[in-house]
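A.B. asks: Pasting model29.pdb here (PDB, C-alpha atoms, pLDDT in the B column):
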```pdb
ATOM      1  CA  MET A   6     119.382  63.067-123.985  1.00 91.00           C
ATOM      2  CA  LYS A   7     117.170  62.817-127.028  1.00 96.00           C
ATOM      3  CA  LYS A   8     113.938  64.780-127.060  1.00 97.00           C
ATOM      4  CA  ILE A   9     110.931  62.453-126.645  1.00 98.00           C
ATOM      5  CA  GLY A  10     107.607  62.854-128.420  1.00 98.00           C
ATOM      6  CA  ILE A  11     104.571  61.167-126.899  1.00 98.00           C
ATOM      7  CA  VAL A  12     101.217  60.554-128.581  1.00 98.00           C
ATOM      8  CA  GLY A  13      98.967  60.319-125.541  1.00 96.00           C
ATOM      9  CA  GLY A  14      95.482  60.938-124.270  1.00 92.00           C
ATOM     10  CA  VAL A  15      94.158  57.549-125.326  1.00 88.00           C
ATOM     11  CA  ALA A  16      93.532  57.439-122.419  1.00 84.00           C
ATOM     12  CA  TRP A  17      95.081  60.221-120.339  1.00 90.00           C
ATOM     13  CA  PRO A  18      95.775  58.446-116.979  1.00 87.00           C
ATOM     14  CA  SER A  19      98.421  56.227-118.563  1.00 88.00           C
ATOM     15  CA  THR A  20      99.909  59.227-120.387  1.00 94.00           C
ATOM     16  CA  VAL A  21     100.495  60.795-116.974  1.00 94.00           C
ATOM     17  CA  ASP A  22     102.370  57.640-115.964  1.00 92.00           C
ATOM     18  CA  TYR A  23     104.561  57.829-119.066  1.00 95.00           C
ATOM     19  CA  TYR A  24     105.534  61.431-118.385  1.00 96.00           C
ATOM     20  CA  SER A  25     106.092  61.116-114.643  1.00 95.00           C
ATOM     21  CA  GLU A  26     107.995  57.820-114.785  1.00 95.00           C
ATOM     22  CA  ILE A  27     110.319  58.975-117.569  1.00 96.00           C
ATOM     23  CA  CYS A  28     111.133  62.040-115.448  1.00 95.00           C
ATOM     24  CA  ARG A  29     111.764  59.901-112.336  1.00 94.00           C
ATOM     25  CA  ARG A  30     114.011  57.518-114.230  1.00 93.00           C
ATOM     26  CA  SER A  31     115.953  60.422-115.683  1.00 93.00           C
ATOM     27  CA  GLU A  32     116.538  61.863-112.218  1.00 93.00           C
ATOM     28  CA  ARG A  33     117.745  58.506-110.876  1.00 92.00           C
ATOM     29  CA  TRP A  34     119.962  57.964-113.921  1.00 90.00           C
ATOM     30  CA  HIS A  35     121.682  61.343-113.546  1.00 89.00           C
ATOM     31  CA  LEU A  36     122.044  61.138-109.758  1.00 90.00           C
ATOM     32  CA  ALA A  37     123.695  57.710-110.072  1.00 90.00           C
ATOM     33  CA  ARG A  38     126.345  59.310-112.270  1.00 89.00           C
ATOM     34  CA  ASN A  39     126.663  62.641-110.463  1.00 88.00           C
ATOM     35  CA  PRO A  40     125.225  62.507-106.907  1.00 86.00           C
ATOM     36  CA  GLN A  41     126.092  66.151-106.254  1.00 86.00           C
ATOM     37  CA  GLY A  42     124.585  67.520-109.428  1.00 80.00           C
ATOM     38  CA  VAL A  43     121.112  68.728-110.311  1.00 82.00           C
ATOM     39  CA  PRO A  44     119.379  65.882-112.174  1.00 84.00           C
ATOM     40  CA  SER A  45     118.171  66.548-115.682  1.00 85.00           C
ATOM     41  CA  THR A  46     114.943  65.471-117.277  1.00 88.00           C
ATOM     42  CA  PRO A  47     114.553  64.909-121.009  1.00 91.00           C
ATOM     43  CA  GLU A  48     112.775  67.424-123.165  1.00 95.00           C
ATOM     44  CA  MET A  49     109.362  66.100-124.132  1.00 97.00           C
ATOM     45  CA  THR A  50     106.415  67.114-126.266  1.00 98.00           C
ATOM     46  CA  ILE A  51     103.030  65.442-125.761  1.00 98.00           C
ATOM     47  CA  GLU A  52     100.298  65.381-128.395  1.00 98.00           C
ATOM     48  CA  SER A  53      97.223  64.477-126.362  1.00 97.00           C
ATOM     49  CA  LEU A  54      94.454  63.016-128.503  1.00 97.00           C
ATOM     50  CA  ASP A  55      90.737  62.726-127.787  1.00 96.00           C
ATOM     51  CA  LEU A  56      89.939  59.139-126.792  1.00 93.00           C
ATOM     52  CA  ASN A  57      86.331  59.376-127.998  1.00 94.00           C
ATOM     53  CA  LYS A  58      87.448  60.655-131.398  1.00 96.00           C
ATOM     54  CA  ALA A  59      90.029  57.877-131.717  1.00 96.00           C
ATOM     55  CA  VAL A  60      87.418  55.231-130.868  1.00 94.00           C
ATOM     56  CA  SER A  61      84.919  56.730-133.304  1.00 96.00           C
ATOM     57  CA  CYS A  62      87.493  56.373-136.096  1.00 97.00           C
ATOM     58  CA  LEU A  63      88.114  52.651-135.587  1.00 96.00           C
ATOM     59  CA  GLY A  64      87.861  50.727-138.851  1.00 95.00           C
ATOM     60  CA  ILE A  65      86.847  47.228-139.845  1.00 94.00           C
ATOM     61  CA  ASP A  66      89.402  44.453-140.247  1.00 89.00           C
ATOM     62  CA  ASP A  67      90.190  43.620-143.895  1.00 88.00           C
ATOM     63  CA  ASP A  68      88.742  46.957-145.045  1.00 95.00           C
ATOM     64  CA  GLU A  69      91.756  49.261-145.412  1.00 94.00           C
ATOM     65  CA  GLU A  70      89.727  52.282-146.463  1.00 96.00           C
ATOM     66  CA  SER A  71      87.715  52.151-143.239  1.00 97.00           C
ATOM     67  CA  TRP A  72      90.917  52.812-141.251  1.00 97.00           C
ATOM     68  CA  LEU A  73      91.945  56.008-143.056  1.00 97.00           C
ATOM     69  CA  GLN A  74      90.617  58.410-140.417  1.00 98.00           C
ATOM     70  CA  PHE A  75      92.067  56.407-137.527  1.00 98.00           C
ATOM     71  CA  ASP A  76      95.487  56.155-139.153  1.00 98.00           C
ATOM     72  CA  ASP A  77      95.520  59.827-140.166  1.00 98.00           C
ATOM     73  CA  TYR A  78      94.511  60.989-136.678  1.00 98.00           C
ATOM     74  CA  HIS A  79      97.508  59.275-135.092  1.00 98.00           C
ATOM     75  CA  ARG A  80      99.913  59.967-137.994  1.00 98.00           C
ATOM     76  CA  ASP A  81      99.124  63.689-137.876  1.00 98.00           C
ATOM     77  CA  ALA A  82     100.004  63.685-134.164  1.00 98.00           C
ATOM     78  CA  LEU A  83     103.360  62.062-134.968  1.00 98.00           C
ATOM     79  CA  LYS A  84     103.972  64.683-137.666  1.00 98.00           C
ATOM     80  CA  ARG A  85     103.377  67.460-135.136  1.00 98.00           C
ATOM     81  CA  LEU A  86     105.856  65.811-132.776  1.00 98.00           C
ATOM     82  CA  GLU A  87     108.385  65.655-135.586  1.00 98.00           C
ATOM     83  CA  VAL A  88     107.914  69.366-136.295  1.00 98.00           C
ATOM     84  CA  SER A  89     108.355  70.103-132.576  1.00 97.00           C
ATOM     85  CA  GLY A  90     111.903  68.751-132.748  1.00 98.00           C
ATOM     86  CA  ALA A  91     111.347  65.358-131.133  1.00 98.00           C
ATOM     87  CA  ASP A  92     114.188  62.961-131.941  1.00 98.00           C
ATOM     88  CA  PHE A  93     111.895  59.947-131.653  1.00 98.00           C
ATOM     89  CA  ALA A  94     108.324  59.168-130.608  1.00 98.00           C
ATOM     90  CA  ILE A  95     106.153  56.682-128.765  1.00 98.00           C
ATOM     91  CA  ILE A  96     102.402  56.066-128.916  1.00 98.00           C
ATOM     92  CA  ALA A  97     101.278  55.624-125.289  1.00 97.00           C
ATOM     93  CA  SER A  98      98.528  53.151-126.116  1.00 95.00           C
ATOM     94  CA  ASN A  99      98.379  49.535-127.275  1.00 95.00           C
ATOM     95  CA  THR A 100      95.360  49.688-129.579  1.00 95.00           C
ATOM     96  CA  PRO A 101      96.872  51.971-132.286  1.00 96.00           C
ATOM     97  CA  HIS A 102      99.690  49.438-132.698  1.00 97.00           C
ATOM     98  CA  HIS A 103      97.180  47.230-134.525  1.00 96.00           C
ATOM     99  CA  ARG A 104      97.749  49.785-137.313  1.00 97.00           C
ATOM    100  CA  PHE A 105     101.360  50.651-136.489  1.00 97.00           C
ATOM    101  CA  GLU A 106     102.926  50.165-139.940  1.00 96.00           C
ATOM    102  CA  SER A 107     100.305  52.350-141.598  1.00 97.00           C
ATOM    103  CA  ILE A 108     100.389  55.037-138.908  1.00 98.00           C
ATOM    104  CA  VAL A 109     104.180  55.509-139.022  1.00 98.00           C
ATOM    105  CA  ARG A 110     104.328  55.563-142.838  1.00 97.00           C
ATOM    106  CA  GLY A 111     106.084  58.766-143.929  1.00 97.00           C
ATOM    107  CA  ILE A 112     107.208  59.729-140.413  1.00 98.00           C
ATOM    108  CA  GLY A 113     110.830  60.881-140.458  1.00 98.00           C
ATOM    109  CA  ILE A 114     111.742  60.028-136.861  1.00 98.00           C
ATOM    110  CA  PRO A 115     111.928  56.594-135.181  1.00 98.00           C
ATOM    111  CA  VAL A 116     108.767  55.416-133.411  1.00 98.00           C
ATOM    112  CA  VAL A 117     109.378  52.835-130.672  1.00 98.00           C
ATOM    113  CA  SER A 118     106.707  50.132-130.968  1.00 98.00           C
ATOM    114  CA  ILE A 119     105.105  48.966-127.727  1.00 97.00           C
ATOM    115  CA  LEU A 120     104.198  45.700-129.433  1.00 96.00           C
ATOM    116  CA  GLU A 121     107.748  44.880-130.509  1.00 97.00           C
ATOM    117  CA  VAL A 122     109.356  45.626-127.139  1.00 98.00           C
ATOM    118  CA  VAL A 123     106.695  43.679-125.213  1.00 98.00           C
ATOM    119  CA  ALA A 124     107.047  40.645-127.493  1.00 97.00           C
ATOM    120  CA  LYS A 125     110.818  40.766-126.938  1.00 97.00           C
ATOM    121  CA  GLU A 126     110.347  41.051-123.162  1.00 97.00           C
ATOM    122  CA  SER A 127     107.976  38.074-123.138  1.00 96.00           C
ATOM    123  CA  ALA A 128     110.553  35.979-124.972  1.00 96.00           C
ATOM    124  CA  ARG A 129     113.315  37.208-122.660  1.00 96.00           C
ATOM    125  CA  ILE A 130     111.520  35.950-119.551  1.00 95.00           C
ATOM    126  CA  GLY A 131     110.939  32.579-121.202  1.00 94.00           C
ATOM    127  CA  ALA A 132     107.220  32.853-121.920  1.00 93.00           C
ATOM    128  CA  ARG A 133     105.935  30.258-124.376  1.00 91.00           C
ATOM    129  CA  GLU A 134     102.265  31.213-124.191  1.00 92.00           C
ATOM    130  CA  VAL A 135     100.819  34.685-123.553  1.00 95.00           C
ATOM    131  CA  LEU A 136      97.234  35.674-122.827  1.00 95.00           C
ATOM    132  CA  ILE A 137      96.538  39.116-124.295  1.00 97.00           C
ATOM    133  CA  LEU A 138      94.115  41.243-122.275  1.00 96.00           C
ATOM    134  CA  GLY A 139      93.164  44.652-123.644  1.00 96.00           C
ATOM    135  CA  THR A 140      90.567  46.399-125.758  1.00 95.00           C
ATOM    136  CA  ALA A 141      88.284  44.335-127.966  1.00 94.00           C
ATOM    137  CA  LEU A 142      90.458  45.192-130.986  1.00 95.00           C
ATOM    138  CA  THR A 143      93.708  44.304-129.241  1.00 96.00           C
ATOM    139  CA  MET A 144      92.434  40.951-127.971  1.00 96.00           C
ATOM    140  CA  ARG A 145      91.427  39.844-131.465  1.00 94.00           C
ATOM    141  CA  SER A 146      94.313  41.516-133.339  1.00 95.00           C
ATOM    142  CA  ARG A 147      96.149  39.279-135.804  1.00 94.00           C
ATOM    143  CA  ARG A 148      98.933  41.858-135.856  1.00 95.00           C
ATOM    144  CA  PHE A 149      99.584  41.338-132.137  1.00 95.00           C
ATOM    145  CA  ARG A 150      99.688  37.548-132.504  1.00 96.00           C
ATOM    146  CA  GLU A 151     102.079  37.791-135.440  1.00 96.00           C
ATOM    147  CA  GLU A 152     104.538  40.030-133.560  1.00 96.00           C
ATOM    148  CA  PHE A 153     104.730  37.646-130.606  1.00 97.00           C
ATOM    149  CA  ALA A 154     105.183  34.728-133.007  1.00 97.00           C
ATOM    150  CA  LYS A 155     108.330  36.380-134.426  1.00 97.00           C
ATOM    151  CA  TYR A 156     109.940  35.730-131.033  1.00 96.00           C
ATOM    152  CA  GLY A 157     108.651  32.184-130.595  1.00 95.00           C
ATOM    153  CA  VAL A 158     105.752  33.124-128.316  1.00 95.00           C
ATOM    154  CA  GLU A 159     102.187  31.876-128.891  1.00 94.00           C
ATOM    155  CA  ALA A 160      99.812  34.704-127.973  1.00 95.00           C
ATOM    156  CA  ASP A 161      96.063  35.146-128.140  1.00 94.00           C
ATOM    157  CA  GLY A 162      93.195  36.956-126.461  1.00 94.00           C
ATOM    158  CA  PRO A 163      90.456  35.147-124.536  1.00 93.00           C
ATOM    159  CA  HIS A 164      88.248  32.944-126.688  1.00 91.00           C
ATOM    160  CA  ASP A 165      85.509  33.193-124.068  1.00 89.00           C
ATOM    161  CA  GLU A 166      83.090  35.983-124.974  1.00 91.00           C
ATOM    162  CA  ALA A 167      82.277  36.717-121.327  1.00 91.00           C
ATOM    163  CA  ALA A 168      85.974  37.074-120.457  1.00 92.00           C
ATOM    164  CA  ARG A 169      86.463  39.545-123.310  1.00 94.00           C
ATOM    165  CA  ALA A 170      83.417  41.554-122.245  1.00 95.00           C
ATOM    166  CA  MET A 171      84.583  41.652-118.616  1.00 95.00           C
ATOM    167  CA  THR A 172      88.008  42.907-119.718  1.00 96.00           C
ATOM    168  CA  VAL A 173      86.549  45.738-121.799  1.00 95.00           C
ATOM    169  CA  GLU A 174      84.213  46.712-118.954  1.00 96.00           C
ATOM    170  CA  LEU A 175      87.125  46.800-116.505  1.00 95.00           C
ATOM    171  CA  ILE A 176      89.194  49.014-118.828  1.00 94.00           C
ATOM    172  CA  THR A 177      86.340  51.523-118.993  1.00 92.00           C
ATOM    173  CA  GLU A 178      86.118  51.609-115.205  1.00 93.00           C
ATOM    174  CA  LEU A 179      89.875  52.081-114.844  1.00 91.00           C
ATOM    175  CA  GLN A 180      89.721  55.014-117.268  1.00 87.00           C
ATOM    176  CA  LEU A 181      87.185  56.555-114.880  1.00 87.00           C
ATOM    177  CA  GLY A 182      89.446  55.983-111.866  1.00 87.00           C
ATOM    178  CA  LYS A 183      87.482  53.049-110.411  1.00 91.00           C
ATOM    179  CA  LEU A 184      90.184  50.770-108.990  1.00 89.00           C
ATOM    180  CA  GLU A 185      88.259  48.786-106.349  1.00 91.00           C
ATOM    181  CA  GLU A 186      88.958  45.028-106.664  1.00 93.00           C
ATOM    182  CA  ALA A 187      90.284  45.590-110.189  1.00 95.00           C
ATOM    183  CA  ALA A 188      93.317  43.340-109.647  1.00 95.00           C
ATOM    184  CA  GLU A 189      91.176  40.508-108.338  1.00 95.00           C
ATOM    185  CA  ARG A 190      88.788  40.837-111.261  1.00 94.00           C
ATOM    186  CA  LEU A 191      91.691  40.650-113.704  1.00 94.00           C
ATOM    187  CA  GLY A 192      92.923  37.501-112.007  1.00 92.00           C
ATOM    188  CA  ARG A 193      89.507  35.874-112.378  1.00 91.00           C
ATOM    189  CA  ILE A 194      89.334  36.814-116.065  1.00 92.00           C
ATOM    190  CA  ALA A 195      92.796  35.350-116.662  1.00 90.00           C
ATOM    191  CA  LYS A 196      91.975  32.089-114.936  1.00 87.00           C
ATOM    192  CA  ILE A 197      88.826  31.626-117.030  1.00 86.00           C
ATOM    193  CA  ALA A 198      91.005  31.780-120.137  1.00 85.00           C
ATOM    194  CA  PHE A 199      93.680  29.540-118.606  1.00 84.00           C
ATOM    195  CA  GLU A 200      91.154  26.769-118.039  1.00 80.00           C
ATOM    196  CA  ARG A 201      89.460  26.953-121.410  1.00 77.00           C
ATOM    197  CA  GLN A 202      92.138  27.509-124.044  1.00 78.00           C
ATOM    198  CA  PHE A 203      95.720  26.971-122.835  1.00 76.00           C
ATOM    199  CA  ARG A 204      97.728  23.827-122.203  1.00 71.00           C
ATOM    200  CA  ALA A 205      99.450  25.404-119.196  1.00 72.00           C
ATOM    201  CA  GLN A 206      99.169  28.658-117.270  1.00 76.00           C
ATOM    202  CA  PRO A 207     100.551  31.353-119.588  1.00 84.00           C
ATOM    203  CA  VAL A 208     101.970  34.768-118.856  1.00 93.00           C
ATOM    204  CA  VAL A 209      99.303  37.505-118.957  1.00 96.00           C
ATOM    205  CA  CYS A 210     100.072  40.541-121.106  1.00 97.00           C
ATOM    206  CA  LEU A 211      98.358  43.701-119.843  1.00 97.00           C
ATOM    207  CA  ALA A 212      97.954  44.949-123.410  1.00 96.00           C
ATOM    208  CA  CYS A 213      96.084  48.099-122.505  1.00 94.00           C
ATOM    209  CA  THR A 214      97.966  50.928-120.813  1.00 91.00           C
ATOM    210  CA  GLU A 215      95.068  51.363-118.364  1.00 91.00           C
ATOM    211  CA  LEU A 216      95.184  47.787-117.030  1.00 94.00           C
ATOM    212  CA  PRO A 217      98.373  48.284-114.946  1.00 93.00           C
ATOM    213  CA  LEU A 218      96.426  50.919-112.980  1.00 91.00           C
ATOM    214  CA  ALA A 219      94.717  47.946-111.304  1.00 94.00           C
ATOM    215  CA  PHE A 220      98.013  47.203-109.528  1.00 94.00           C
ATOM    216  CA  PRO A 221      99.154  50.456-107.842  1.00 91.00           C
ATOM    217  CA  ALA A 222     102.042  48.791-105.978  1.00 90.00           C
ATOM    218  CA  GLN A 223     103.389  47.119-109.143  1.00 90.00           C
ATOM    219  CA  GLU A 224     102.314  49.729-111.670  1.00 84.00           C
ATOM    220  CA  MET A 225     105.823  50.565-112.874  1.00 90.00           C
ATOM    221  CA  LEU A 226     107.275  47.033-112.838  1.00 95.00           C
ATOM    222  CA  ALA A 227     107.895  45.449-116.235  1.00 96.00           C
ATOM    223  CA  THR A 228     106.889  42.021-114.921  1.00 96.00           C
ATOM    224  CA  PHE A 229     105.331  41.012-111.620  1.00 96.00           C
ATOM    225  CA  GLU A 230     103.368  38.250-109.947  1.00 94.00           C
ATOM    226  CA  TYR A 231     100.013  38.829-108.285  1.00 93.00           C
ATOM    227  CA  GLY A 232      97.624  36.197-106.974  1.00 90.00           C
ATOM    228  CA  GLY A 233      99.612  33.399-108.556  1.00 88.00           C
ATOM    229  CA  VAL A 234      99.527  35.011-112.020  1.00 90.00           C
ATOM    230  CA  LEU A 235     102.616  36.382-113.827  1.00 93.00           C
ATOM    231  CA  TYR A 236     101.938  39.648-115.665  1.00 96.00           C
ATOM    232  CA  VAL A 237     103.837  41.580-118.324  1.00 97.00           C
ATOM    233  CA  ASN A 238     103.148  45.300-117.973  1.00 97.00           C
ATOM    234  CA  THR A 239     103.173  46.921-121.413  1.00 96.00           C
ATOM    235  CA  THR A 240     103.319  50.455-119.984  1.00 95.00           C
ATOM    236  CA  ALA A 241     106.471  49.796-117.939  1.00 96.00           C
ATOM    237  CA  VAL A 242     108.174  47.821-120.709  1.00 97.00           C
ATOM    238  CA  HIS A 243     107.483  50.630-123.194  1.00 97.00           C
ATOM    239  CA  ILE A 244     108.724  53.301-120.781  1.00 97.00           C
ATOM    240  CA  ASN A 245     111.929  51.306-120.230  1.00 96.00           C
ATOM    241  CA  ALA A 246     112.504  51.080-123.975  1.00 97.00           C
ATOM    242  CA  ALA A 247     111.773  54.773-124.532  1.00 97.00           C
ATOM    243  CA  PHE A 248     114.131  55.870-121.762  1.00 96.00           C
ATOM    244  CA  ASP A 249     116.889  53.587-123.022  1.00 96.00           C
ATOM    245  CA  PHE A 250     116.439  55.054-126.516  1.00 97.00           C
ATOM    246  CA  ALA A 251     116.630  58.572-125.083  1.00 96.00           C
ATOM    247  CA  VAL A 252     119.926  58.074-123.269  1.00 94.00           C
ATOM    248  CA  ASN A 253     121.768  55.758-125.677  1.00 90.00           C
ATOM    249  CA  GLU A 254     123.704  56.825-128.725  1.00 71.00           C
TER     250      GLU A 254
END
```
How would this structure read if it were set down as C-alpha cells?

C.D. replies:
Amino acid sequence: MKKIGIVGGVAWPSTVDYYSEICRRSERWHLARNPQGVPSTPEMTIESLDLNKAVSCLGIDDDEESWLQFDDYHRDALKRLEVSGADFAIIASNTPHHRFESIVRGIGIPVVSILEVVAKESARIGAREVLILGTALTMRSRRFREEFAKYGVEADGPHDEAARAMTVELITELQLGKLEEAAERLGRIAKIAFERQFRAQPVVCLACTELPLAFPAQEMLATFEYGGVLYVNTTAVHINAAFDFAVNE
C-alpha cells in the first residue's frame, strides 16, 4: 500500500475520522483477502495545522497577493509530507481547496482533491443541482461551482444571508463538540435554500469536513438520506478516494 500523507488539523475532529476510517477500511480490505492473516494498515504521516492560524491567513478574492500566507502555510505542510516519504497526499478540509491549484504548485507527489472527487460522486448519483453548505468561503467559492460544472452539475451556496450565517455558526459548534439537534438544524437550513433559489430539491453537499459530525450514524457514508434530504458527505467520499489510491497500482 502507498504511504498516505494527510494535511489535517483544520479542524482536528475530522482529521481523526480520516485516520481512523482509513485504518478500518484497510483492515476490512486485508481480511477479505486473507481472513486468517493479520490485517495491515497503511503507513501515514499527518501534518496537523493550527486552525486559527489558517483562518487568520485567509485572503481576499481577486487579490492574489493576499493569499500568499494561506497558500504557503498549506504548501509547506505538503512539502513536509513529501519529505517524510508519502507517496501521495490529501488535505482533510474543504476550504483550502478554494486555493488548490496554487497550494499544490511545485509539490512532487499527487494530491487527491476533495473537490474533484465530490463533484464526480455528485454526477455519478445523478445530481443536477447541488446546494453547497460549508464555511463562508466555501459557500461563495467560484472555484467550487466551476468544478461541479465540469461534470454537468449546477452547484451554489445559499443566497440567503441568514442561511449562510446559520451554517457557519453550526460549523463552529460542531468543532467544539456540540452535536445536539445539529442534523435537524442542517435540514432546516437546506430547506430555506430549497424554497428560495432552486427549481427542485437538490442534493446537499456537506462541504465542510465538520458537518458530517452532525450525523453520527451516517458519518462514514458517502451519500445518505436524512429527514427527506439527500446528502453527499465530502469526508467519506474523500476517504474512499484516498484509500482506493493507496491500494491501486

A.B. asks: What does the PyMOL selection byres ((chain A and resi 221) around 12) select in this file, as number ranges by chain?

C.D. replies: A: 22, 179, 182, 184-188, 215-220, 222-226, 229, 231

A.B. asks: Which is closest to A:Ala246 among A:Trp72, A:Phe93, A:Phe105, A:Phe203, if we use all atoms listed in the file?

C.D. replies: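 Closest residue, counting all atoms listed in the file: A:Phe93.
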
A.B. asks: In Å, with one decimal, what is the gap from atom CA of A:Gln206 to atom CA of A:His243?

C.D. replies: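 These two atoms are separated by 24.2 Å.
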
A.B. asks: Identify, on the basis of all atoms listed in the file, every residue whose closest approach to A:Ala141 does not exceed 10 Å; exclude the query and any residue fewer than 6 positions from it along the same chain; express the result as a list in words.

C.D. replies: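 Counting all atoms listed in the file, the residues come to Thr100, Gly162, Arg169, Ala170, Thr172 and Val173 of chain A.
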
A.B. asks: Pick from A:Asp76, A:Ser89, A:Ala37, A:Cys28: nearest to A:Ile51, with all atoms listed in the file counted?

C.D. replies: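 Distance minimum relative to A:Ile51 lands on A:Ser89.
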
A.B. asks: Just checking: using only C-alpha atoms, which residue out of A:Glu178, A:Asp68, A:Asp161, A:Glu230 ends up closest to A:Gly192?

C.D. replies: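 Of all the options, A:Glu230 lies closest to A:Gly192.
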
A.B. asks: Work out how far apart atom CA of A:Arg204 and atom CA of A:Arg147 are and give it in Å to one decimal.

C.D. replies: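 For atom CA of A:Arg204 relative to atom CA of A:Arg147, the distance reads 20.6 Å.
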
A.B. asks: Rounded to one decimal, what separation in Å do you get between atom CA of A:Gly111 and atom CA of A:Asp77?

C.D. replies: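 Calculated distance between atom CA of A:Gly111 and atom CA of A:Asp77 is 11.3 Å.
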
A.B. asks: For the PyMOL selection byres ((chain A and resi 25) around 12), applied here, can you spell out every residue it catches as a list in words?

C.D. replies: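 What the PyMOL selection byres ((chain A and resi 25) around 12) grabs from the file is Pro18, Ser19, Thr20, Val21, Asp22, Tyr23, Tyr24, Glu26, Ile27, Cys28, Arg29, Arg30, Ser31, Glu32, Thr46, Pro47, Met49, Met225, Ala241, Ile244 and Phe248 of chain A.
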
A.B. asks: Selected by the PyMOL selection byres ((chain A and resi 132) around 12) in the shown coordinates: which residues, as a ChimeraX atom specification?

C.D. replies: /A:123-131,133-136,153-154,156-160,205-210,228,235-237

A.B. asks: Suppose we keep C-alpha atoms; can you now write the selection as a PDB file, keeping the file's coordinate frame?

C.D. replies:
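That gives us selection_16.pdb:
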```pdb
ATOM      1  CA  VAL A 123     106.695  43.679-125.213  1.00 98.00           C
ATOM      2  CA  ALA A 124     107.047  40.645-127.493  1.00 97.00           C
ATOM      3  CA  LYS A 125     110.818  40.766-126.938  1.00 97.00           C
ATOM      4  CA  GLU A 126     110.347  41.051-123.162  1.00 97.00           C
ATOM      5  CA  SER A 127     107.976  38.074-123.138  1.00 96.00           C
ATOM      6  CA  ALA A 128     110.553  35.979-124.972  1.00 96.00           C
ATOM      7  CA  ARG A 129     113.315  37.208-122.660  1.00 96.00           C
ATOM      8  CA  ILE A 130     111.520  35.950-119.551  1.00 95.00           C
ATOM      9  CA  GLY A 131     110.939  32.579-121.202  1.00 94.00           C
ATOM     10  CA  ARG A 133     105.935  30.258-124.376  1.00 91.00           C
ATOM     11  CA  GLU A 134     102.265  31.213-124.191  1.00 92.00           C
ATOM     12  CA  VAL A 135     100.819  34.685-123.553  1.00 95.00           C
ATOM     13  CA  LEU A 136      97.234  35.674-122.827  1.00 95.00           C
ATOM     14  CA  PHE A 153     104.730  37.646-130.606  1.00 97.00           C
ATOM     15  CA  ALA A 154     105.183  34.728-133.007  1.00 97.00           C
ATOM     16  CA  TYR A 156     109.940  35.730-131.033  1.00 96.00           C
ATOM     17  CA  GLY A 157     108.651  32.184-130.595  1.00 95.00           C
ATOM     18  CA  VAL A 158     105.752  33.124-128.316  1.00 95.00           C
ATOM     19  CA  GLU A 159     102.187  31.876-128.891  1.00 94.00           C
ATOM     20  CA  ALA A 160      99.812  34.704-127.973  1.00 95.00           C
ATOM     21  CA  ALA A 205      99.450  25.404-119.196  1.00 72.00           C
ATOM     22  CA  GLN A 206      99.169  28.658-117.270  1.00 76.00           C
ATOM     23  CA  PRO A 207     100.551  31.353-119.588  1.00 84.00           C
ATOM     24  CA  VAL A 208     101.970  34.768-118.856  1.00 93.00           C
ATOM     25  CA  VAL A 209      99.303  37.505-118.957  1.00 96.00           C
ATOM     26  CA  CYS A 210     100.072  40.541-121.106  1.00 97.00           C
ATOM     27  CA  THR A 228     106.889  42.021-114.921  1.00 96.00           C
ATOM     28  CA  LEU A 235     102.616  36.382-113.827  1.00 93.00           C
ATOM     29  CA  TYR A 236     101.938  39.648-115.665  1.00 96.00           C
ATOM     30  CA  VAL A 237     103.837  41.580-118.324  1.00 97.00           C
TER      31      VAL A 237
END
```

A.B. asks: Pick from A:Ser45, A:Gln202, A:Ser118, A:Asn39: nearest to A:His164, with all atoms listed in the file counted?

C.D. replies: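 Of A:Ser45, A:Gln202, A:Ser118, A:Asn39, the one nearest A:His164 is A:Gln202, counting all atoms listed in the file.
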
A.B. asks: Kindly indicate which residue among A:Gly139, A:Pro40, A:Pro115, A:Gly64 lies nearest to A:Ala94, using only C-alpha atoms for the distances.

C.D. replies: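 Closest to A:Ala94, using only C-alpha atoms: A:Pro115.
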
A.B. asks: Tell me which protein, DNA and RNA residues are within 12 Å of A:Val116, counting all atoms listed in the file, leaving out same-chain ones fewer than 6 positions away, and put them as a list in words.

C.D. replies: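 Residues meeting the cut-off are Ile9, Gly10, Ile11, Val12, Arg80, Leu83, Lys84, Leu86, Glu87, Ala91, Asp92, Phe93, Ala94, Ile95, Ile96, Ala97, His102, Phe105, Glu106, Ile108, Val109, Arg110, Val122, His243, Ala246, Ala247, Phe250 and Ala251 of chain A.
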
A.B. asks: Restricting the calculation to all atoms listed in the file: of A:Glu166, A:Glu121, A:Asp55, A:Asp249, which residue gets closest to A:Phe149?

C.D. replies: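 Ranked by minimum distance to A:Phe149, first place goes to A:Glu121.
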